[in-house]
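Asks: There's a structure below that I have some questions on.
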Amino acid sequence: MIRRPPRSTQGVSSAASDVYKRQSIQQMPKGVKDTKKPAPARSKGIKKDKNAPKKPMTAYFWYMKTRREDLKKEKPDLNHKEIISTMAEEWRSMTEDKKAKYNKMAEEDKAKAKKAQKGQESGDESSGCLLYTSPSPRDLSTSRMPSSA
């Protein structure tokens, strides 16, 4: 039997307290070794490259990024958790035709991220992650190109 350190018996019935005291007093028989192995040392893990490009956003995250501000304006009384729940429900009920816009954005983002990743692996800083940034929702709604009127 493994000897345990004494613990507080406060709040424990007297019968249970007596049983615990008897168990903790008993010694392990001679010649029997403790089979419990010490815990292995924690590994520090792989250090991440601070200059590594970000992973591309999924279609769902693109939807959330573009929808969040409009939803806040429509329903200002919702808290953060309710906003996310509402967007998740809308996403689940959305048809594939409506999701196509966000899937296209995700594919473009994935291609940019892949290009940035290749640039980083080759050591080419000009095509690395510094050039890869996801556009903000504002950039998606307004074009910087002058309209042809």
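Residues in the structure tokens are named by chain (A, B, ... in the order shown) and by number from 1 within that chain; ligands are numbered from 1 in the order shown.
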Counting only C-alpha atoms, what is within 8 Å of Ala52 of chain A, bar same-chain residues fewer than 2 positions away, as a PyMOL selection string?
Replies: chain A and resi 48-50+54+117+120+129
Asks: Next, the residues of the selection above should be written as a short mmCIF file (atom, residue, chain, number, x, y, z; two decimals), in the first residue's frame with N, CA and C atoms.
Replies:
data_model
loop_
_atom_site.label_atom_id
_atom_site.label_comp_id
_atom_site.auth_asym_id
_atom_site.auth_seq_id
_atom_site.Cartn_x
_atom_site.Cartn_y
_atom_site.Cartn_z
N LYS A 48 7.55 28.37 -32.49
CA LYS A 48 6.95 28.86 -33.72
C LYS A 48 7.79 29.98 -34.30
N ASP A 49 7.82 30.03 -35.60
CA ASP A 49 8.51 31.10 -36.29
C ASP A 49 7.62 32.34 -36.23
N LYS A 50 8.14 33.40 -35.67
CA LYS A 50 7.35 34.62 -35.54
C LYS A 50 7.03 35.25 -36.89
N LYS A 54 0.27 33.59 -41.61
CA LYS A 54 -0.91 33.09 -40.92
C LYS A 54 -1.60 32.04 -41.78
N GLN A 117 3.62 30.92 -47.96
CA GLN A 117 4.33 29.82 -47.31
C GLN A 117 5.51 29.36 -48.16
N GLN A 120 8.26 31.85 -47.86
CA GLN A 120 8.97 31.76 -46.58
C GLN A 120 9.92 30.57 -46.56
N CYS A 129 5.44 36.38 -45.79
CA CYS A 129 4.20 36.72 -45.10
C CYS A 129 3.98 38.22 -44.98
#
Asks: Could you make a table, as CSV, of the residues of segment 77-115 of chain A that have an atom within 9 Å of an atom of segment 67-71 of chain A, each with its nearest atom pair and distance in Å to one decimal, counting only C-alpha atoms, in chain and number order?
Replies:
residue,atom,partner,partner_atom,distance
A:Leu78,CA,A:Leu71,CA,9.0
A:Ile83,CA,A:Leu71,CA,7.3
A:Ile84,CA,A:Arg68,CA,8.2
A:Thr86,CA,A:Leu71,CA,8.8
A:Met87,CA,A:Arg67,CA,7.6
Asks: Mind dumping the selected residues with N, CA, C and O atoms as a short mmCIF file (atom, residue, chain, number, x, y, z; two decimals), in the first residue's frame?
Replies:
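The resulting file, selection_5.cif, is reproduced below:
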data_model
loop_
_atom_site.label_atom_id
_atom_site.label_comp_id
_atom_site.auth_asym_id
_atom_site.auth_seq_id
_atom_site.Cartn_x
_atom_site.Cartn_y
_atom_site.Cartn_z
N LEU A 78 -27.55 42.55 -28.42
CA LEU A 78 -26.95 41.22 -28.29
C LEU A 78 -25.54 41.31 -27.74
O LEU A 78 -24.77 42.20 -28.11
N ILE A 83 -24.24 37.03 -30.45
CA ILE A 83 -23.92 37.40 -31.83
C ILE A 83 -23.34 36.20 -32.56
O ILE A 83 -23.74 35.88 -33.68
N ILE A 84 -22.41 35.52 -31.92
CA ILE A 84 -21.79 34.34 -32.54
C ILE A 84 -22.82 33.24 -32.76
O ILE A 84 -22.85 32.60 -33.81
N THR A 86 -26.03 33.60 -33.21
CA THR A 86 -26.91 34.03 -34.29
C THR A 86 -26.24 33.82 -35.65
O THR A 86 -26.86 33.30 -36.58
N MET A 87 -24.96 34.20 -35.74
CA MET A 87 -24.24 34.02 -37.01
C MET A 87 -24.10 32.53 -37.35
O MET A 87 -24.21 32.15 -38.51
#
Asks: Which residues are near Lys55 of chain A? Cut-off 7 Å, only C-alpha atoms, ignore same chain within fewer than 2 positions. Put them as an mmCIF file with N, CA, C and O atoms, in the first residue's frame.
Replies:
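Writing done, so here's around_4.cif:
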data_model
loop_
_atom_site.group_PDB
_atom_site.id
_atom_site.type_symbol
_atom_site.label_atom_id
_atom_site.label_comp_id
_atom_site.auth_asym_id
_atom_site.auth_seq_id
_atom_site.Cartn_x
_atom_site.Cartn_y
_atom_site.Cartn_z
ATOM 1 N N PRO A 53 3.789 32.915 -42.047
ATOM 2 C CA PRO A 53 2.502 33.476 -42.479
ATOM 3 C C PRO A 53 1.343 32.852 -41.710
ATOM 4 O O PRO A 53 1.428 31.727 -41.227
ATOM 5 N N MET A 57 -8.069 31.931 -43.771
ATOM 6 C CA MET A 57 -9.371 31.878 -43.106
ATOM 7 C C MET A 57 -10.316 30.982 -43.904
ATOM 8 O O MET A 57 -10.257 30.944 -45.134
ATOM 9 N N ALA A 113 -2.040 32.375 -49.084
ATOM 10 C CA ALA A 113 -1.294 31.809 -47.962
ATOM 11 C C ALA A 113 -0.295 30.773 -48.449
ATOM 12 O O ALA A 113 0.830 30.693 -47.943
#
Asks: Which distance in Å separates atom CA of Phe61 of chain A and atom CA of Gly123 of chain A, to one decimal?
Replies: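 Interatomic distance here is 29.3 Å.
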